[in-house]
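Just data34.pdb here, PDB, C-alpha atoms, pLDDT in the B column:
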```
MODEL        1
ATOM      1  CA  ALA A   1      -5.689 -11.421  25.183  1.00 44.00           C
ATOM      2  CA  ASN A   2      -5.330 -12.543  21.590  1.00 48.00           C
ATOM      3  CA  GLU A   3      -2.523 -15.122  21.266  1.00 53.00           C
ATOM      4  CA  ASN A   4      -1.950 -13.946  17.693  1.00 54.00           C
ATOM      5  CA  PRO A   5      -1.430 -10.152  17.919  1.00 61.00           C
ATOM      6  CA  LEU A   6      -1.185  -9.886  14.125  1.00 71.00           C
ATOM      7  CA  GLY A   7      -4.548 -11.493  13.513  1.00 78.00           C
ATOM      8  CA  CYS A   8      -8.078 -10.362  14.206  1.00 78.00           C
ATOM      9  CA  SER A   9      -9.688 -10.254  17.636  1.00 81.00           C
ATOM     10  CA  GLU A  10     -10.747 -13.557  19.197  1.00 82.00           C
ATOM     11  CA  HIS A  11     -14.223 -12.039  19.485  1.00 82.00           C
ATOM     12  CA  ILE A  12     -14.348 -11.709  15.701  1.00 80.00           C
ATOM     13  CA  SER A  13     -13.106 -15.272  15.206  1.00 81.00           C
ATOM     14  CA  LYS A  14     -15.796 -16.602  17.535  1.00 86.00           C
ATOM     15  CA  PHE A  15     -18.530 -14.521  15.893  1.00 81.00           C
ATOM     16  CA  TYR A  16     -17.434 -15.733  12.453  1.00 79.00           C
ATOM     17  CA  LYS A  17     -17.564 -19.375  13.550  1.00 85.00           C
ATOM     18  CA  ASP A  18     -20.941 -18.929  15.255  1.00 85.00           C
ATOM     19  CA  HIS A  19     -22.448 -17.412  12.096  1.00 82.00           C
ATOM     20  CA  PHE A  20     -20.726 -19.608   9.527  1.00 82.00           C
ATOM     21  CA  LYS A  21     -24.061 -21.025   8.347  1.00 84.00           C
ATOM     22  CA  ASP A  22     -25.251 -17.495   7.517  1.00 83.00           C
ATOM     23  CA  LEU A  23     -22.598 -16.996   4.818  1.00 82.00           C
ATOM     24  CA  SER A  24     -25.048 -18.057   2.105  1.00 87.00           C
ATOM     25  CA  ILE A  25     -27.339 -15.145   2.927  1.00 87.00           C
ATOM     26  CA  TYR A  26     -26.900 -11.832   1.153  1.00 87.00           C
ATOM     27  CA  CYS A  27     -26.011  -8.984   3.466  1.00 84.00           C
ATOM     28  CA  ASP A  28     -27.904  -5.698   3.643  1.00 88.00           C
ATOM     29  CA  PRO A  29     -26.572  -3.688   0.654  1.00 89.00           C
ATOM     30  CA  SER A  30     -27.142  -0.431   2.528  1.00 93.00           C
ATOM     31  CA  CYS A  31     -25.021  -1.666   5.480  1.00 92.00           C
ATOM     32  CA  GLU A  32     -27.387   0.257   7.746  1.00 95.00           C
ATOM     33  CA  LYS A  33     -26.342  -1.401  11.010  1.00 94.00           C
ATOM     34  CA  LEU A  34     -22.637  -0.995  10.265  1.00 95.00           C
ATOM     35  CA  ARG A  35     -23.039   2.622   9.157  1.00 96.00           C
ATOM     36  CA  THR A  36     -25.054   3.381  12.296  1.00 97.00           C
ATOM     37  CA  LYS A  37     -22.379   1.913  14.553  1.00 96.00           C
ATOM     38  CA  ILE A  38     -19.544   3.681  12.699  1.00 95.00           C
ATOM     39  CA  ALA A  39     -21.478   6.927  13.010  1.00 96.00           C
ATOM     40  CA  GLN A  40     -22.041   6.467  16.745  1.00 96.00           C
ATOM     41  CA  ILE A  41     -18.393   5.713  17.449  1.00 95.00           C
ATOM     42  CA  ASN A  42     -17.076   8.595  15.342  1.00 95.00           C
ATOM     43  CA  ASN A  43     -19.811  11.165  16.053  1.00 95.00           C
ATOM     44  CA  ILE A  44     -20.765  11.555  12.398  1.00 95.00           C
ATOM     45  CA  ASN A  45     -23.962  11.260  10.362  1.00 95.00           C
ATOM     46  CA  SER A  46     -24.622   7.722   9.097  1.00 95.00           C
ATOM     47  CA  ASP A  47     -26.258   9.175   5.980  1.00 95.00           C
ATOM     48  CA  GLN A  48     -22.870  10.589   4.989  1.00 96.00           C
ATOM     49  CA  ILE A  49     -21.149   7.190   5.121  1.00 96.00           C
ATOM     50  CA  ILE A  50     -20.800   4.640   2.354  1.00 95.00           C
ATOM     51  CA  CYS A  51     -19.494   1.136   3.023  1.00 95.00           C
ATOM     52  CA  SER A  52     -17.409  -0.665   0.460  1.00 94.00           C
ATOM     53  CA  ALA A  53     -15.292  -3.719  -0.334  1.00 93.00           C
ATOM     54  CA  GLY A  54     -12.292  -2.403   1.528  1.00 89.00           C
ATOM     55  CA  SER A  55     -11.261   1.200   0.965  1.00 92.00           C
ATOM     56  CA  ASP A  56     -10.204   0.138  -2.558  1.00 93.00           C
ATOM     57  CA  GLU A  57     -13.796   0.149  -3.769  1.00 95.00           C
ATOM     58  CA  ALA A  58     -14.490   3.500  -2.104  1.00 95.00           C
ATOM     59  CA  ILE A  59     -11.501   4.973  -3.948  1.00 96.00           C
ATOM     60  CA  SER A  60     -12.782   3.568  -7.241  1.00 96.00           C
ATOM     61  CA  MET A  61     -16.292   4.879  -6.596  1.00 96.00           C
ATOM     62  CA  LEU A  62     -14.956   8.376  -5.941  1.00 97.00           C
ATOM     63  CA  ILE A  63     -12.974   8.342  -9.179  1.00 98.00           C
ATOM     64  CA  TYR A  64     -15.894   6.978 -11.200  1.00 96.00           C
ATOM     65  CA  SER A  65     -18.197   9.615  -9.673  1.00 96.00           C
ATOM     66  CA  PHE A  66     -16.007  12.679 -10.120  1.00 96.00           C
ATOM     67  CA  CYS A  67     -13.772  11.906 -13.100  1.00 97.00           C
ATOM     68  CA  LYS A  68     -14.168  11.180 -16.779  1.00 97.00           C
ATOM     69  CA  GLU A  69     -11.783  10.413 -19.613  1.00 97.00           C
ATOM     70  CA  GLY A  70      -9.111  13.087 -19.887  1.00 97.00           C
ATOM     71  CA  ASP A  71      -9.483  14.355 -16.322  1.00 98.00           C
ATOM     72  CA  GLU A  72      -6.577  14.246 -13.887  1.00 98.00           C
ATOM     73  CA  ILE A  73      -5.980  12.972 -10.383  1.00 98.00           C
ATOM     74  CA  LEU A  74      -2.967  13.824  -8.216  1.00 98.00           C
ATOM     75  CA  TYR A  75      -1.205  11.437  -5.876  1.00 98.00           C
ATOM     76  CA  THR A  76       2.228  11.320  -4.283  1.00 97.00           C
ATOM     77  CA  LYS A  77       5.217   9.461  -5.704  1.00 95.00           C
ATOM     78  CA  HIS A  78       4.937   6.615  -3.206  1.00 94.00           C
ATOM     79  CA  GLY A  79       1.167   6.740  -2.876  1.00 93.00           C
ATOM     80  CA  PHE A  80      -1.248   3.813  -3.033  1.00 94.00           C
ATOM     81  CA  LEU A  81      -1.272   2.241  -6.508  1.00 94.00           C
ATOM     82  CA  MET A  82      -5.041   1.813  -6.456  1.00 95.00           C
ATOM     83  CA  TYR A  83      -5.321   5.521  -7.274  1.00 97.00           C
ATOM     84  CA  PRO A  84      -3.727   5.335 -10.755  1.00 97.00           C
ATOM     85  CA  ILE A  85      -5.144   1.865 -11.414  1.00 97.00           C
ATOM     86  CA  SER A  86      -8.719   3.044 -10.839  1.00 97.00           C
ATOM     87  CA  ALA A  87      -8.128   6.234 -12.803  1.00 98.00           C
ATOM     88  CA  ALA A  88      -6.784   4.299 -15.783  1.00 97.00           C
ATOM     89  CA  LYS A  89      -9.971   2.243 -15.980  1.00 96.00           C
ATOM     90  CA  ILE A  90     -11.943   5.291 -17.083  1.00 96.00           C
ATOM     91  CA  GLY A  91      -9.175   6.992 -19.043  1.00 98.00           C
ATOM     92  CA  ALA A  92      -8.278   9.605 -16.432  1.00 98.00           C
ATOM     93  CA  LYS A  93      -4.632  10.637 -16.142  1.00 98.00           C
ATOM     94  CA  SER A  94      -2.648  10.184 -12.930  1.00 98.00           C
ATOM     95  CA  ILE A  95      -0.108  12.880 -12.050  1.00 98.00           C
ATOM     96  CA  LYS A  96       2.618  12.080  -9.524  1.00 98.00           C
ATOM     97  CA  VAL A  97       3.486  14.672  -6.911  1.00 98.00           C
ATOM     98  CA  ASN A  98       7.070  14.820  -5.656  1.00 97.00           C
ATOM     99  CA  GLU A  99       8.045  13.991  -2.095  1.00 97.00           C
ATOM    100  CA  ILE A 100      10.650  15.434   0.249  1.00 96.00           C
ATOM    101  CA  ASN A 101      12.161  12.812   2.546  1.00 93.00           C
ATOM    102  CA  PHE A 102       9.325  10.476   1.499  1.00 94.00           C
ATOM    103  CA  LYS A 103       6.710  13.063   2.458  1.00 95.00           C
ATOM    104  CA  THR A 104       4.272  15.034   0.291  1.00 96.00           C
ATOM    105  CA  ASP A 105       5.892  18.104  -1.265  1.00 97.00           C
ATOM    106  CA  ILE A 106       3.021  20.546  -0.763  1.00 97.00           C
ATOM    107  CA  ASP A 107       4.511  23.187  -3.058  1.00 98.00           C
ATOM    108  CA  ASP A 108       4.830  20.652  -5.882  1.00 98.00           C
ATOM    109  CA  LEU A 109       1.293  19.464  -5.187  1.00 98.00           C
ATOM    110  CA  LEU A 110      -0.046  22.982  -5.652  1.00 98.00           C
ATOM    111  CA  LYS A 111       2.050  23.539  -8.792  1.00 98.00           C
ATOM    112  CA  LYS A 112       0.670  20.419 -10.465  1.00 98.00           C
ATOM    113  CA  ILE A 113      -2.965  21.380 -10.043  1.00 98.00           C
ATOM    114  CA  SER A 114      -4.479  22.154 -13.439  1.00 98.00           C
ATOM    115  CA  LYS A 115      -7.878  22.907 -14.923  1.00 97.00           C
ATOM    116  CA  LYS A 116      -8.222  19.156 -15.470  1.00 98.00           C
ATOM    117  CA  THR A 117      -7.554  18.194 -11.850  1.00 98.00           C
ATOM    118  CA  ARG A 118     -10.591  16.595 -10.243  1.00 98.00           C
ATOM    119  CA  ILE A 119      -9.253  14.661  -7.230  1.00 98.00           C
ATOM    120  CA  ILE A 120      -6.208  14.805  -4.967  1.00 98.00           C
ATOM    121  CA  PHE A 121      -5.439  11.588  -3.082  1.00 98.00           C
ATOM    122  CA  LEU A 122      -3.349  11.827   0.086  1.00 98.00           C
ATOM    123  CA  ALA A 123      -2.640   8.659   2.084  1.00 96.00           C
ATOM    124  CA  ASN A 124      -2.142   9.790   5.649  1.00 96.00           C
ATOM    125  CA  PRO A 125      -0.172   8.180   7.151  1.00 95.00           C
ATOM    126  CA  ASN A 126       1.326   6.823   3.974  1.00 94.00           C
ATOM    127  CA  ASN A 127       2.234   3.203   3.326  1.00 89.00           C
ATOM    128  CA  PRO A 128       5.027   2.174   2.829  1.00 88.00           C
ATOM    129  CA  THR A 129       6.916   5.383   3.700  1.00 92.00           C
ATOM    130  CA  GLY A 130       5.385   5.883   7.143  1.00 91.00           C
ATOM    131  CA  SER A 131       5.276   9.655   6.669  1.00 94.00           C
ATOM    132  CA  TYR A 132       2.239  11.735   7.579  1.00 96.00           C
ATOM    133  CA  LEU A 133       0.853  15.214   7.085  1.00 96.00           C
ATOM    134  CA  THR A 134       0.472  17.285  10.240  1.00 96.00           C
ATOM    135  CA  ASN A 135      -2.549  19.326  11.286  1.00 95.00           C
ATOM    136  CA  GLU A 136      -0.832  22.480  10.046  1.00 96.00           C
ATOM    137  CA  GLU A 137      -0.013  20.911   6.672  1.00 97.00           C
ATOM    138  CA  ILE A 138      -3.527  19.531   6.257  1.00 96.00           C
ATOM    139  CA  ASN A 139      -5.028  22.952   6.914  1.00 96.00           C
ATOM    140  CA  LYS A 140      -2.587  24.565   4.484  1.00 97.00           C
ATOM    141  CA  ILE A 141      -3.546  22.163   1.711  1.00 98.00           C
ATOM    142  CA  ILE A 142      -7.271  22.616   2.324  1.00 97.00           C
ATOM    143  CA  SER A 143      -6.969  26.406   2.300  1.00 97.00           C
ATOM    144  CA  LEU A 144      -4.951  26.561  -0.925  1.00 98.00           C
ATOM    145  CA  VAL A 145      -6.581  23.867  -3.081  1.00 98.00           C
ATOM    146  CA  PRO A 146      -9.461  25.192  -5.243  1.00 97.00           C
ATOM    147  CA  LYS A 147     -12.841  24.248  -3.793  1.00 96.00           C
ATOM    148  CA  ASN A 148     -13.943  22.538  -7.007  1.00 97.00           C
ATOM    149  CA  ILE A 149     -11.312  19.826  -6.466  1.00 98.00           C
ATOM    150  CA  LEU A 150     -12.090  16.855  -4.217  1.00 98.00           C
ATOM    151  CA  ILE A 151      -9.422  16.121  -1.592  1.00 98.00           C
ATOM    152  CA  VAL A 152      -9.459  12.500  -0.455  1.00 98.00           C
ATOM    153  CA  PHE A 153      -7.630  11.726   2.764  1.00 97.00           C
ATOM    154  CA  ASP A 154      -6.953   7.997   2.689  1.00 96.00           C
ATOM    155  CA  HIS A 155      -6.702   7.068   6.353  1.00 95.00           C
ATOM    156  CA  ALA A 156      -6.376   3.297   6.020  1.00 92.00           C
ATOM    157  CA  TYR A 157      -3.560   3.408   8.604  1.00 92.00           C
ATOM    158  CA  HIS A 158      -5.158   6.095  10.768  1.00 93.00           C
ATOM    159  CA  GLU A 159      -5.103   4.036  13.969  1.00 90.00           C
ATOM    160  CA  TYR A 160      -1.334   3.504  13.789  1.00 92.00           C
ATOM    161  CA  CYS A 161      -0.391   7.179  14.172  1.00 91.00           C
ATOM    162  CA  ARG A 162      -0.641   8.770  17.613  1.00 89.00           C
ATOM    163  CA  SER A 163       1.673  11.777  17.236  1.00 91.00           C
ATOM    164  CA  ASP A 164       0.435  15.011  18.775  1.00 92.00           C
ATOM    165  CA  ASP A 165       0.580  16.871  15.461  1.00 94.00           C
ATOM    166  CA  TYR A 166      -1.244  14.168  13.481  1.00 94.00           C
ATOM    167  CA  PRO A 167      -4.868  15.088  12.525  1.00 91.00           C
ATOM    168  CA  GLN A 168      -6.806  12.668  14.715  1.00 92.00           C
ATOM    169  CA  ASN A 169      -9.875  14.854  14.084  1.00 93.00           C
ATOM    170  CA  ILE A 170      -9.866  14.421  10.303  1.00 94.00           C
ATOM    171  CA  LEU A 171     -13.584  13.565  10.304  1.00 95.00           C
ATOM    172  CA  ASP A 172     -14.394  16.809  12.136  1.00 94.00           C
ATOM    173  CA  ILE A 173     -12.324  18.671   9.560  1.00 94.00           C
ATOM    174  CA  ALA A 174     -14.232  16.951   6.750  1.00 95.00           C
ATOM    175  CA  LYS A 175     -17.549  18.053   8.264  1.00 95.00           C
ATOM    176  CA  LYS A 176     -16.589  21.681   7.690  1.00 94.00           C
ATOM    177  CA  HIS A 177     -15.705  21.434   3.996  1.00 95.00           C
ATOM    178  CA  ASP A 178     -17.709  20.480   0.912  1.00 94.00           C
ATOM    179  CA  ASN A 179     -14.720  19.118  -1.021  1.00 97.00           C
ATOM    180  CA  ILE A 180     -13.268  16.560   1.414  1.00 97.00           C
ATOM    181  CA  ALA A 181     -13.758  12.802   1.674  1.00 97.00           C
ATOM    182  CA  VAL A 182     -12.096  10.439   4.134  1.00 97.00           C
ATOM    183  CA  THR A 183     -11.619   6.732   3.492  1.00 97.00           C
ATOM    184  CA  ARG A 184     -11.079   4.197   6.274  1.00 95.00           C
ATOM    185  CA  THR A 185     -10.856   0.408   6.485  1.00 94.00           C
ATOM    186  CA  PHE A 186     -11.227  -2.550   8.835  1.00 89.00           C
ATOM    187  CA  SER A 187      -8.475  -4.403   6.950  1.00 88.00           C
ATOM    188  CA  LYS A 188      -5.449  -3.066   8.838  1.00 89.00           C
ATOM    189  CA  ILE A 189      -5.724  -2.441  12.577  1.00 82.00           C
ATOM    190  CA  TYR A 190      -8.658  -4.852  12.953  1.00 80.00           C
ATOM    191  CA  GLY A 191      -7.011  -7.647  10.951  1.00 81.00           C
ATOM    192  CA  LEU A 192     -10.057  -8.203   8.719  1.00 84.00           C
ATOM    193  CA  ALA A 193      -8.455  -7.844   5.279  1.00 86.00           C
ATOM    194  CA  SER A 194     -10.155 -10.893   3.752  1.00 83.00           C
ATOM    195  CA  LEU A 195     -13.638  -9.678   4.749  1.00 84.00           C
ATOM    196  CA  ARG A 196     -13.184  -6.519   2.612  1.00 91.00           C
ATOM    197  CA  ILE A 197     -14.873  -3.941   4.808  1.00 90.00           C
ATOM    198  CA  GLY A 198     -14.129  -0.295   4.163  1.00 94.00           C
ATOM    199  CA  TRP A 199     -15.979   2.971   4.434  1.00 95.00           C
ATOM    200  CA  CYS A 200     -15.931   6.576   3.306  1.00 97.00           C
ATOM    201  CA  PHE A 201     -17.234   9.767   4.904  1.00 97.00           C
ATOM    202  CA  SER A 202     -17.833  13.130   3.263  1.00 94.00           C
ATOM    203  CA  SER A 203     -19.680  16.299   4.173  1.00 82.00           C
ATOM    204  CA  ASN A 204     -22.166  15.858   1.305  1.00 68.00           C
TER     205      ASN A 204
ENDMDL
END
```
Could I get this file's structure written as structure tokens?
Amino acid sequence: ANENPLGCSEHISKFYKDHFKDLSIYCDPSCEKLRTKIAQINNINSDQIICSAGSDEAISMLIYSFCKEGDEILYTKHGFLMYPISAAKIGAKSIKVNEINFKTDIDDLLKKISKKTRIIFLANPNNPTGSYLTNEEINKIISLVPKNILIVFDHAYHEYCRSDDYPQNILDIAKKHDNIAVTRTFSKIYGLASLRIGWCFSSN
């Protein structure tokens, strides 16, 4: 057992020490081995995965790819600040969606969609509120949001939620829709924040 439950696995610490001399060598920019392993574990196609410097970079890449100056993104009142920060870098506008008891107000979300909306970011579960969208709520949002808008489910804290009504199968849901992306990270549950390893999956 790991004597420090808040740190990374002892296996990771040992591997890091054993390969310390390799730190001067550039890694594979395609992250083929990592993508292959992520795909195997999650039963998804490795060609539909991108790896990034934490999920932060994946979020930025999505905004840079789908938005331009004057476009809009939606995120909840207590959502991750990287959403508006990345949007501001290219001149996109960030629109805050209200919350009810620190949880996404779906009706307000739908009301604030405009012709300029390009991406909706939903941290699920959300940090720091701890709230999460249920399977039913996820399906409602997907069914009512126009298909030309990208819905990004930020699941950085995915492993911490084990409730029966929480969408553990979010990747399977993403497979079925052309306008969904899911971001994940090794920074939280695996205790690897300083190594900056994140990834994103989408159906296309």
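Using all atoms listed in the file, the nearest neighbour of Asp154 in chain A within the list A:Lys21, A:Arg184, A:Lys116, A:Lys140 is A:Arg184.
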Taking (-7.7, 3.6, -8.0) in the file's coordinates, which residues come within 12 Å, counting all atoms listed in the file, written as a PDB file with C-alpha atoms, in the frame of the given file?
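Wrote point33.pdb, looks like this:
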```pdb
ATOM      1  CA  SER A  55     -11.261   1.200   0.965  1.00 92.00           C
ATOM      2  CA  ASP A  56     -10.204   0.138  -2.558  1.00 93.00           C
ATOM      3  CA  GLU A  57     -13.796   0.149  -3.769  1.00 95.00           C
ATOM      4  CA  ALA A  58     -14.490   3.500  -2.104  1.00 95.00           C
ATOM      5  CA  ILE A  59     -11.501   4.973  -3.948  1.00 96.00           C
ATOM      6  CA  SER A  60     -12.782   3.568  -7.241  1.00 96.00           C
ATOM      7  CA  MET A  61     -16.292   4.879  -6.596  1.00 96.00           C
ATOM      8  CA  LEU A  62     -14.956   8.376  -5.941  1.00 97.00           C
ATOM      9  CA  ILE A  63     -12.974   8.342  -9.179  1.00 98.00           C
ATOM     10  CA  TYR A  64     -15.894   6.978 -11.200  1.00 96.00           C
ATOM     11  CA  CYS A  67     -13.772  11.906 -13.100  1.00 97.00           C
ATOM     12  CA  ILE A  73      -5.980  12.972 -10.383  1.00 98.00           C
ATOM     13  CA  LEU A  74      -2.967  13.824  -8.216  1.00 98.00           C
ATOM     14  CA  TYR A  75      -1.205  11.437  -5.876  1.00 98.00           C
ATOM     15  CA  GLY A  79       1.167   6.740  -2.876  1.00 93.00           C
ATOM     16  CA  PHE A  80      -1.248   3.813  -3.033  1.00 94.00           C
ATOM     17  CA  LEU A  81      -1.272   2.241  -6.508  1.00 94.00           C
ATOM     18  CA  MET A  82      -5.041   1.813  -6.456  1.00 95.00           C
ATOM     19  CA  TYR A  83      -5.321   5.521  -7.274  1.00 97.00           C
ATOM     20  CA  PRO A  84      -3.727   5.335 -10.755  1.00 97.00           C
ATOM     21  CA  ILE A  85      -5.144   1.865 -11.414  1.00 97.00           C
ATOM     22  CA  SER A  86      -8.719   3.044 -10.839  1.00 97.00           C
ATOM     23  CA  ALA A  87      -8.128   6.234 -12.803  1.00 98.00           C
ATOM     24  CA  ALA A  88      -6.784   4.299 -15.783  1.00 97.00           C
ATOM     25  CA  LYS A  89      -9.971   2.243 -15.980  1.00 96.00           C
ATOM     26  CA  ILE A  90     -11.943   5.291 -17.083  1.00 96.00           C
ATOM     27  CA  GLY A  91      -9.175   6.992 -19.043  1.00 98.00           C
ATOM     28  CA  ALA A  92      -8.278   9.605 -16.432  1.00 98.00           C
ATOM     29  CA  LYS A  93      -4.632  10.637 -16.142  1.00 98.00           C
ATOM     30  CA  SER A  94      -2.648  10.184 -12.930  1.00 98.00           C
ATOM     31  CA  ILE A 119      -9.253  14.661  -7.230  1.00 98.00           C
ATOM     32  CA  ILE A 120      -6.208  14.805  -4.967  1.00 98.00           C
ATOM     33  CA  PHE A 121      -5.439  11.588  -3.082  1.00 98.00           C
ATOM     34  CA  VAL A 152      -9.459  12.500  -0.455  1.00 98.00           C
ATOM     35  CA  ASP A 154      -6.953   7.997   2.689  1.00 96.00           C
TER      36      ASP A 154
END
```
message = Assuming the chain letters and numbering stay as they are in my file, what does the PyMOL selection byres ((chain A and resi 132) around 10) actually select? List them as a ChimeraX atom specification.
response = /A:102-104,122-127,129-131,133-135,137-138,158,161,163,165-167
Report as CSV the residues of range 97-193 of chain A within 10 Å of range 41-50 of chain A, each with its shortest atom pair and distance in Å (one decimal), using all atoms listed in the file, ordered by chain and increasing residue number.
```
residue,atom,partner,partner_atom,distance
A:Asn169,CA,A:Asn42,CA,9.6
A:Leu171,CA,A:Ile44,CA,7.7
A:Asp172,CA,A:Ile44,CA,8.3
A:Lys175,CA,A:Ile44,CA,8.3
A:Ala181,CA,A:Ile49,CA,9.9
A:Val182,CA,A:Ile49,CA,9.7
A:Thr183,CA,A:Ile50,CA,9.5
```
request  = Could you state which residues are captured by the PyMOL selection byres ((chain A and resi 112) around 8) in this file, as a PyMOL selection string?
outcome  = chain A and resi 74+95+97+108-111+113-114
key: Straight-line distance linking CA of Ala174 in chain A with CA of Ser203 in chain A, stated in Å to one decimal   = 6.1 Å
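Relative to CA of Leu195 in chain A, CA of Leu23 in chain A is found at 11.6 Å.
The environment of Ile189 in chain A within 9 Å, counting only C-alpha atoms and disregarding residues fewer than 2 places along the same chain, consists of Leu6, Cys8, Ala156, Tyr157, His158, Glu159, Tyr160, Thr185, Phe186, Ser187, Gly191 and Leu192 of chain A.
The shortest atom-to-atom distance to Gly54 in chain A, with only C-alpha atoms taken into account, belongs to A:Ile197 out of A:Ile197, A:Leu34, A:Val145, A:Ile12.
Nearest residue to Cys200 in chain A, choosing from A:Lys147, A:Lys68, A:Lys77, A:Arg35 and counting all atoms listed in the file: A:Arg35.
Here CA of Ile149 in chain A is placed at a distance of 24.7 Å from CA of Ala53 in chain A.
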message = Ranking A:Glu72, A:Glu99, A:Asn139, A:Ser52 by minimum distance to Lys115 in chain A and counting only C-alpha atoms, which one comes first?
response = A:Glu72
